[in-house]
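Note: the block below is upload-v6.cif and it holds mmCIF, N, CA and C atoms.
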data_entry
#
loop_
_atom_site.label_atom_id
_atom_site.label_comp_id
_atom_site.auth_asym_id
_atom_site.auth_seq_id
_atom_site.Cartn_x
_atom_site.Cartn_y
_atom_site.Cartn_z
N MET D 22 30.51 27.26 34.09
CA MET D 22 30.74 26.61 32.83
C MET D 22 29.81 25.40 32.64
N SER D 23 29.48 24.72 33.73
CA SER D 23 28.60 23.57 33.68
C SER D 23 27.21 23.97 33.18
N PHE D 24 26.78 25.15 33.57
CA PHE D 24 25.48 25.67 33.15
C PHE D 24 25.44 25.81 31.63
N ILE D 25 26.48 26.32 31.02
CA ILE D 25 26.53 26.52 29.57
C ILE D 25 26.56 25.18 28.85
N ASN D 26 27.29 24.23 29.40
CA ASN D 26 27.34 22.90 28.78
C ASN D 26 25.97 22.21 28.80
N LYS D 27 25.23 22.38 29.90
CA LYS D 27 23.90 21.79 29.98
C LYS D 27 22.98 22.39 28.92
N TRP D 28 23.03 23.72 28.78
CA TRP D 28 22.19 24.38 27.78
C TRP D 28 22.61 23.98 26.37
N LYS D 29 23.91 23.86 26.17
CA LYS D 29 24.40 23.45 24.86
C LYS D 29 23.89 22.05 24.52
N ASP D 30 23.90 21.15 25.49
CA ASP D 30 23.40 19.80 25.27
C ASP D 30 21.89 19.81 25.00
N LYS D 31 21.17 20.64 25.76
CA LYS D 31 19.73 20.73 25.55
C LYS D 31 19.39 21.29 24.17
N ILE D 32 20.13 22.29 23.74
CA ILE D 32 19.89 22.87 22.41
C ILE D 32 20.22 21.86 21.33
N ALA D 33 21.31 21.12 21.50
CA ALA D 33 21.67 20.10 20.52
C ALA D 33 20.60 19.01 20.46
N HIS D 34 20.08 18.62 21.60
CA HIS D 34 19.02 17.61 21.64
C HIS D 34 17.75 18.14 20.99
N TYR D 35 17.41 19.39 21.23
CA TYR D 35 16.23 20.01 20.63
C TYR D 35 16.36 20.03 19.11
N ILE D 36 17.52 20.40 18.61
CA ILE D 36 17.74 20.44 17.16
C ILE D 36 17.63 19.04 16.58
N GLU D 37 18.17 18.06 17.28
CA GLU D 37 18.09 16.68 16.81
C GLU D 37 16.64 16.20 16.75
N VAL D 38 15.86 16.54 17.76
CA VAL D 38 14.44 16.17 17.79
C VAL D 38 13.69 16.84 16.65
N ARG D 39 13.98 18.10 16.40
CA ARG D 39 13.30 18.82 15.31
C ARG D 39 13.65 18.21 13.95
N ILE D 40 14.91 17.83 13.78
CA ILE D 40 15.32 17.20 12.52
C ILE D 40 14.61 15.87 12.35
N ASN D 41 14.52 15.09 13.41
CA ASN D 41 13.82 13.80 13.34
C ASN D 41 12.33 14.00 13.05
N LEU D 42 11.74 15.03 13.62
CA LEU D 42 10.34 15.34 13.34
C LEU D 42 10.14 15.71 11.88
N PHE D 43 11.06 16.49 11.34
CA PHE D 43 11.00 16.85 9.92
C PHE D 43 11.13 15.60 9.05
N LYS D 44 12.05 14.71 9.41
CA LYS D 44 12.24 13.48 8.64
C LYS D 44 10.97 12.63 8.65
N LEU D 45 10.33 12.52 9.83
CA LEU D 45 9.10 11.72 9.92
C LEU D 45 7.97 12.32 9.08
N GLY D 46 7.88 13.64 9.08
CA GLY D 46 6.88 14.29 8.24
C GLY D 46 7.14 14.04 6.76
N LEU D 47 8.40 14.09 6.38
CA LEU D 47 8.77 13.83 4.99
C LEU D 47 8.48 12.38 4.63
N ILE D 48 8.79 11.47 5.53
CA ILE D 48 8.50 10.06 5.29
C ILE D 48 7.00 9.83 5.13
N GLU D 49 6.20 10.50 5.94
CA GLU D 49 4.75 10.35 5.83
C GLU D 49 4.25 10.85 4.48
N ARG D 50 4.76 11.99 4.04
CA ARG D 50 4.34 12.53 2.75
C ARG D 50 4.74 11.61 1.60
N ILE D 51 5.97 11.12 1.65
CA ILE D 51 6.45 10.24 0.60
C ILE D 51 5.65 8.94 0.58
N SER D 52 5.36 8.41 1.76
CA SER D 52 4.59 7.17 1.82
C SER D 52 3.17 7.36 1.31
N ASN D 53 2.59 8.53 1.56
CA ASN D 53 1.25 8.81 1.01
C ASN D 53 1.29 8.82 -0.51
N ILE D 54 2.31 9.44 -1.06
CA ILE D 54 2.45 9.49 -2.52
C ILE D 54 2.66 8.10 -3.09
N LEU D 55 3.57 7.34 -2.48
CA LEU D 55 3.85 5.99 -2.97
C LEU D 55 2.64 5.08 -2.85
N SER D 56 1.91 5.20 -1.75
CA SER D 56 0.72 4.35 -1.59
C SER D 56 -0.34 4.70 -2.62
N TYR D 57 -0.48 5.97 -2.92
CA TYR D 57 -1.44 6.35 -3.94
C TYR D 57 -1.01 5.82 -5.31
N LEU D 58 0.29 5.91 -5.62
CA LEU D 58 0.77 5.40 -6.90
C LEU D 58 0.57 3.88 -6.99
N ILE D 59 0.84 3.18 -5.91
CA ILE D 59 0.63 1.74 -5.92
C ILE D 59 -0.86 1.43 -6.09
N PHE D 60 -1.70 2.20 -5.43
CA PHE D 60 -3.14 2.02 -5.60
C PHE D 60 -3.53 2.19 -7.06
N VAL D 61 -3.01 3.21 -7.71
CA VAL D 61 -3.34 3.45 -9.11
C VAL D 61 -2.83 2.32 -9.99
N PHE D 62 -1.60 1.86 -9.75
CA PHE D 62 -1.05 0.78 -10.56
C PHE D 62 -1.83 -0.52 -10.36
N ILE D 63 -2.21 -0.82 -9.14
CA ILE D 63 -3.00 -2.02 -8.89
C ILE D 63 -4.35 -1.91 -9.58
N GLY D 64 -4.97 -0.76 -9.47
CA GLY D 64 -6.25 -0.56 -10.14
C GLY D 64 -6.15 -0.71 -11.64
N LEU D 65 -5.10 -0.14 -12.22
CA LEU D 65 -4.92 -0.26 -13.67
C LEU D 65 -4.63 -1.70 -14.08
N PHE D 66 -3.77 -2.36 -13.32
CA PHE D 66 -3.43 -3.75 -13.64
C PHE D 66 -4.67 -4.65 -13.57
N LEU D 67 -5.44 -4.50 -12.50
CA LEU D 67 -6.64 -5.33 -12.36
C LEU D 67 -7.66 -5.02 -13.45
N SER D 68 -7.82 -3.76 -13.76
CA SER D 68 -8.79 -3.38 -14.79
C SER D 68 -8.41 -3.95 -16.15
N VAL D 69 -7.16 -3.82 -16.50
CA VAL D 69 -6.72 -4.31 -17.80
C VAL D 69 -6.78 -5.83 -17.85
N SER D 70 -6.35 -6.47 -16.77
CA SER D 70 -6.38 -7.94 -16.74
C SER D 70 -7.81 -8.46 -16.89
N MET D 71 -8.72 -7.86 -16.16
CA MET D 71 -10.11 -8.30 -16.24
C MET D 71 -10.69 -8.04 -17.61
N LEU D 72 -10.39 -6.88 -18.16
CA LEU D 72 -10.94 -6.56 -19.48
C LEU D 72 -10.44 -7.53 -20.54
N ILE D 73 -9.20 -7.87 -20.49
CA ILE D 73 -8.63 -8.73 -21.53
C ILE D 73 -9.04 -10.18 -21.36
N PHE D 74 -8.81 -10.74 -20.16
CA PHE D 74 -8.96 -12.18 -19.98
C PHE D 74 -10.38 -12.63 -19.67
N VAL D 75 -11.12 -11.87 -18.92
CA VAL D 75 -12.44 -12.29 -18.50
C VAL D 75 -13.53 -11.62 -19.34
N GLY D 76 -13.27 -10.43 -19.80
CA GLY D 76 -14.30 -9.67 -20.52
C GLY D 76 -14.84 -10.35 -21.74
N ILE D 77 -13.95 -10.89 -22.54
CA ILE D 77 -14.41 -11.55 -23.76
C ILE D 77 -15.23 -12.79 -23.42
N GLY D 78 -14.74 -13.55 -22.42
CA GLY D 78 -15.46 -14.77 -22.05
C GLY D 78 -16.85 -14.48 -21.50
N ILE D 79 -16.94 -13.52 -20.60
CA ILE D 79 -18.25 -13.18 -20.03
C ILE D 79 -19.17 -12.59 -21.10
N GLY D 80 -18.61 -11.76 -21.95
CA GLY D 80 -19.42 -11.18 -23.03
C GLY D 80 -19.98 -12.24 -23.95
N GLU D 81 -19.16 -13.22 -24.29
CA GLU D 81 -19.64 -14.30 -25.15
C GLU D 81 -20.68 -15.17 -24.44
N TYR D 82 -20.47 -15.40 -23.16
CA TYR D 82 -21.43 -16.21 -22.40
C TYR D 82 -22.81 -15.52 -22.37
N PHE D 83 -22.82 -14.24 -22.02
CA PHE D 83 -24.09 -13.52 -22.01
C PHE D 83 -24.67 -13.38 -23.41
N SER D 84 -23.81 -13.27 -24.40
CA SER D 84 -24.30 -13.20 -25.77
C SER D 84 -25.04 -14.47 -26.15
N SER D 85 -24.50 -15.61 -25.72
CA SER D 85 -25.19 -16.87 -26.05
C SER D 85 -26.50 -17.01 -25.27
N LEU D 86 -26.54 -16.48 -24.05
CA LEU D 86 -27.78 -16.54 -23.28
C LEU D 86 -28.86 -15.64 -23.85
N LEU D 87 -28.47 -14.45 -24.30
CA LEU D 87 -29.44 -13.47 -24.78
C LEU D 87 -29.68 -13.54 -26.29
N ASP D 88 -28.88 -14.32 -26.98
CA ASP D 88 -28.91 -14.35 -28.46
C ASP D 88 -28.70 -12.96 -29.04
N SER D 89 -27.93 -12.16 -28.34
CA SER D 89 -27.61 -10.81 -28.80
C SER D 89 -26.20 -10.47 -28.35
N ARG D 90 -25.33 -10.31 -29.33
CA ARG D 90 -23.95 -9.96 -28.98
C ARG D 90 -23.86 -8.63 -28.25
N ALA D 91 -24.55 -7.65 -28.70
CA ALA D 91 -24.49 -6.32 -28.07
C ALA D 91 -24.99 -6.38 -26.64
N GLY D 92 -26.09 -7.09 -26.42
CA GLY D 92 -26.64 -7.21 -25.07
C GLY D 92 -25.68 -7.90 -24.12
N GLY D 93 -25.05 -8.97 -24.57
CA GLY D 93 -24.09 -9.69 -23.74
C GLY D 93 -22.90 -8.83 -23.34
N PHE D 94 -22.40 -8.06 -24.30
CA PHE D 94 -21.24 -7.22 -23.99
C PHE D 94 -21.62 -5.98 -23.18
N PHE D 95 -22.87 -5.50 -23.31
CA PHE D 95 -23.31 -4.40 -22.45
C PHE D 95 -23.46 -4.87 -21.00
N ILE D 96 -23.93 -6.08 -20.79
CA ILE D 96 -24.01 -6.61 -19.43
C ILE D 96 -22.61 -6.74 -18.84
N THR D 97 -21.67 -7.18 -19.66
CA THR D 97 -20.28 -7.30 -19.20
C THR D 97 -19.71 -5.93 -18.84
N ALA D 98 -19.99 -4.94 -19.63
CA ALA D 98 -19.52 -3.59 -19.34
C ALA D 98 -20.12 -3.07 -18.04
N GLY D 99 -21.39 -3.36 -17.79
CA GLY D 99 -22.02 -2.95 -16.54
C GLY D 99 -21.36 -3.62 -15.34
N PHE D 100 -20.97 -4.87 -15.48
CA PHE D 100 -20.26 -5.56 -14.41
C PHE D 100 -18.93 -4.87 -14.11
N TYR D 101 -18.21 -4.48 -15.14
CA TYR D 101 -16.93 -3.78 -14.93
C TYR D 101 -17.12 -2.42 -14.29
N VAL D 102 -18.15 -1.73 -14.64
CA VAL D 102 -18.43 -0.43 -14.02
C VAL D 102 -18.71 -0.63 -12.53
N LEU D 103 -19.45 -1.66 -12.20
CA LEU D 103 -19.73 -1.97 -10.79
C LEU D 103 -18.43 -2.27 -10.03
N LEU D 104 -17.53 -3.03 -10.61
CA LEU D 104 -16.25 -3.32 -9.97
C LEU D 104 -15.41 -2.05 -9.76
N LEU D 105 -15.41 -1.17 -10.72
CA LEU D 105 -14.65 0.09 -10.58
C LEU D 105 -15.24 0.98 -9.50
N VAL D 106 -16.56 0.98 -9.36
CA VAL D 106 -17.20 1.76 -8.30
C VAL D 106 -16.80 1.20 -6.94
N ILE D 107 -16.79 -0.13 -6.80
CA ILE D 107 -16.38 -0.74 -5.54
C ILE D 107 -14.92 -0.39 -5.22
N LEU D 108 -14.06 -0.46 -6.21
CA LEU D 108 -12.65 -0.10 -6.02
C LEU D 108 -12.52 1.37 -5.62
N PHE D 109 -13.30 2.23 -6.22
CA PHE D 109 -13.26 3.66 -5.89
C PHE D 109 -13.73 3.89 -4.45
N VAL D 110 -14.76 3.17 -4.02
CA VAL D 110 -15.27 3.33 -2.66
C VAL D 110 -14.24 2.85 -1.64
N LEU D 111 -13.50 1.81 -1.96
CA LEU D 111 -12.53 1.24 -1.02
C LEU D 111 -11.12 1.83 -1.15
N ARG D 112 -10.97 2.93 -1.87
CA ARG D 112 -9.64 3.49 -2.08
C ARG D 112 -8.99 4.00 -0.80
N ALA D 113 -9.75 4.54 0.14
CA ALA D 113 -9.16 5.06 1.38
C ALA D 113 -8.56 3.95 2.24
N PRO D 114 -9.27 2.84 2.51
CA PRO D 114 -8.62 1.77 3.29
C PRO D 114 -7.41 1.17 2.59
N ILE D 115 -7.48 1.07 1.26
CA ILE D 115 -6.35 0.50 0.53
C ILE D 115 -5.13 1.41 0.64
N THR D 116 -5.31 2.71 0.40
CA THR D 116 -4.16 3.62 0.47
C THR D 116 -3.65 3.75 1.90
N ASN D 117 -4.54 3.71 2.90
CA ASN D 117 -4.08 3.76 4.30
C ASN D 117 -3.26 2.53 4.65
N GLY D 118 -3.63 1.39 4.12
CA GLY D 118 -2.86 0.18 4.36
C GLY D 118 -1.46 0.28 3.80
N PHE D 119 -1.34 0.77 2.56
CA PHE D 119 -0.02 0.94 1.97
C PHE D 119 0.78 2.02 2.68
N THR D 120 0.11 3.07 3.14
CA THR D 120 0.81 4.12 3.87
C THR D 120 1.44 3.58 5.14
N SER D 121 0.68 2.78 5.89
CA SER D 121 1.23 2.24 7.13
C SER D 121 2.39 1.29 6.86
N VAL D 122 2.31 0.54 5.78
CA VAL D 122 3.42 -0.36 5.44
C VAL D 122 4.67 0.44 5.09
N PHE D 123 4.52 1.48 4.28
CA PHE D 123 5.69 2.28 3.91
C PHE D 123 6.28 3.01 5.11
N ILE D 124 5.44 3.51 5.99
CA ILE D 124 5.96 4.20 7.18
C ILE D 124 6.73 3.20 8.03
N ARG D 125 6.19 2.00 8.20
CA ARG D 125 6.89 0.98 8.98
C ARG D 125 8.23 0.63 8.34
N ILE D 126 8.25 0.51 7.04
CA ILE D 126 9.49 0.16 6.34
C ILE D 126 10.50 1.29 6.42
N MET D 127 10.05 2.51 6.21
CA MET D 127 10.99 3.64 6.15
C MET D 127 11.49 4.08 7.52
N THR D 128 10.77 3.76 8.59
CA THR D 128 11.21 4.16 9.91
C THR D 128 11.91 3.04 10.66
N ALA D 129 11.96 1.86 10.09
CA ALA D 129 12.64 0.74 10.76
C ALA D 129 14.14 0.99 10.76
N THR D 130 14.76 0.80 11.91
CA THR D 130 16.20 0.96 12.00
C THR D 130 16.87 -0.37 11.70
N GLU D 131 18.16 -0.31 11.50
CA GLU D 131 18.89 -1.54 11.21
C GLU D 131 18.86 -2.49 12.40
N ALA D 132 18.86 -1.97 13.61
CA ALA D 132 18.80 -2.82 14.80
C ALA D 132 17.47 -3.57 14.85
N GLU D 133 16.37 -2.89 14.52
CA GLU D 133 15.07 -3.55 14.51
C GLU D 133 15.03 -4.63 13.45
N ASN D 134 15.60 -4.33 12.27
CA ASN D 134 15.63 -5.33 11.21
C ASN D 134 16.45 -6.55 11.62
N ALA D 135 17.58 -6.33 12.30
CA ALA D 135 18.41 -7.44 12.76
C ALA D 135 17.66 -8.27 13.80
N ASP D 136 16.93 -7.58 14.70
CA ASP D 136 16.14 -8.30 15.71
C ASP D 136 15.05 -9.15 15.06
N GLN D 137 14.39 -8.59 14.04
CA GLN D 137 13.34 -9.33 13.37
C GLN D 137 13.90 -10.54 12.63
N LYS D 138 15.07 -10.38 12.01
CA LYS D 138 15.69 -11.50 11.31
C LYS D 138 16.12 -12.58 12.30
N ALA D 139 16.66 -12.16 13.44
CA ALA D 139 17.08 -13.13 14.46
C ALA D 139 15.88 -13.87 15.02
N GLU D 140 14.77 -13.15 15.23
CA GLU D 140 13.55 -13.77 15.74
C GLU D 140 13.00 -14.77 14.73
N ALA D 141 13.02 -14.41 13.46
CA ALA D 141 12.54 -15.31 12.42
C ALA D 141 13.43 -16.54 12.34
N LYS D 142 14.71 -16.35 12.51
CA LYS D 142 15.65 -17.46 12.45
C LYS D 142 15.40 -18.43 13.60
N THR D 143 15.16 -17.90 14.80
CA THR D 143 14.91 -18.79 15.95
C THR D 143 13.58 -19.50 15.80
N ARG D 144 12.59 -18.87 15.20
CA ARG D 144 11.32 -19.55 14.96
C ARG D 144 11.50 -20.69 13.98
N ASP D 145 12.36 -20.49 12.97
CA ASP D 145 12.61 -21.54 11.99
C ASP D 145 13.40 -22.70 12.59
N ASP D 146 14.22 -22.42 13.61
CA ASP D 146 15.02 -23.45 14.26
C ASP D 146 14.19 -24.35 15.15
N ILE D 147 13.06 -23.87 15.62
CA ILE D 147 12.21 -24.66 16.51
C ILE D 147 11.49 -25.72 15.69
N LYS D 148 11.66 -26.98 16.10
CA LYS D 148 11.01 -28.07 15.38
C LYS D 148 9.94 -28.67 16.27
N VAL D 149 8.80 -28.90 15.69
CA VAL D 149 7.68 -29.48 16.42
C VAL D 149 7.56 -30.93 15.99
N ASP D 150 7.55 -31.84 16.99
CA ASP D 150 7.43 -33.28 16.69
C ASP D 150 6.01 -33.75 16.80
#
Rewrite the structure of this file - the entire thing - as structure tokens.
Amino acid sequence: MSFINKWKDKIAHYIEVRINLFKLGLIERISNILSYLIFVFIGLFLSVSMLIFVGIGIGEYFSSLLDSRAGGFFITAGFYVLLLVILFVLRAPITNGFTSVFIRIMTATEAENADQKAEAKTRDDIKVD
């Protein structure tokens, strides 16, 4: 009977490991999606902010330098295109950074969170004279 109980425990442990592996895979996929969405939202927010607040100012500045409104605003548009190309080139490191953050957040257990809070609390209690 002991032999059957050992196998039963091993099978239960195997199933538990497989379920955890499935959960981790799902977490990785979800974090990839969320990091990509955050990347898109950050890109859109930065693009719109720059276009609205800085674009007019830079366009007017170059317009006064060139004595041509069209020329000043075309230079401004070229600057924005350059910024978007840089953002596009750096999309992989940005999304990987968000992916690692989401994986860390989604896989953290309550015990780890409690330990981190306790550690932060003790660091705050230490006073340096």
Q: Between D:Phe109, D:Phe62, D:Phe83, D:Trp28, single out the one closest to Thr97 in chain D, counting only C-alpha atoms.
A: D:Phe83
**Q.** Distance query Phe123 in chain D at most 8 Å, all atoms listed in the file, self and fewer than 3 positions along chain excluded, as a list in words
**A.**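 Near neighbours after the sequence-gap exclusion: Ile48, Glu49, Ile51, Ser52, Asn53, Leu55, Ser56, Asn117, Gly118, Phe119, Thr120, Ile126, Met127, Thr128 and Ala129 of chain D.
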Q: Quick one: residues within 12 Å of (-21.0, -12.1, -22.0) (file frame), counting only C-alpha atoms, please, as number ranges by chain.
A: D: 72, 75-101
Q.
Using Å and a single decimal, report how far atom N of Tyr35 in chain D sits from atom C of Ser121 in chain D.
A.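 Distance between the two atoms: 27.6 Å.
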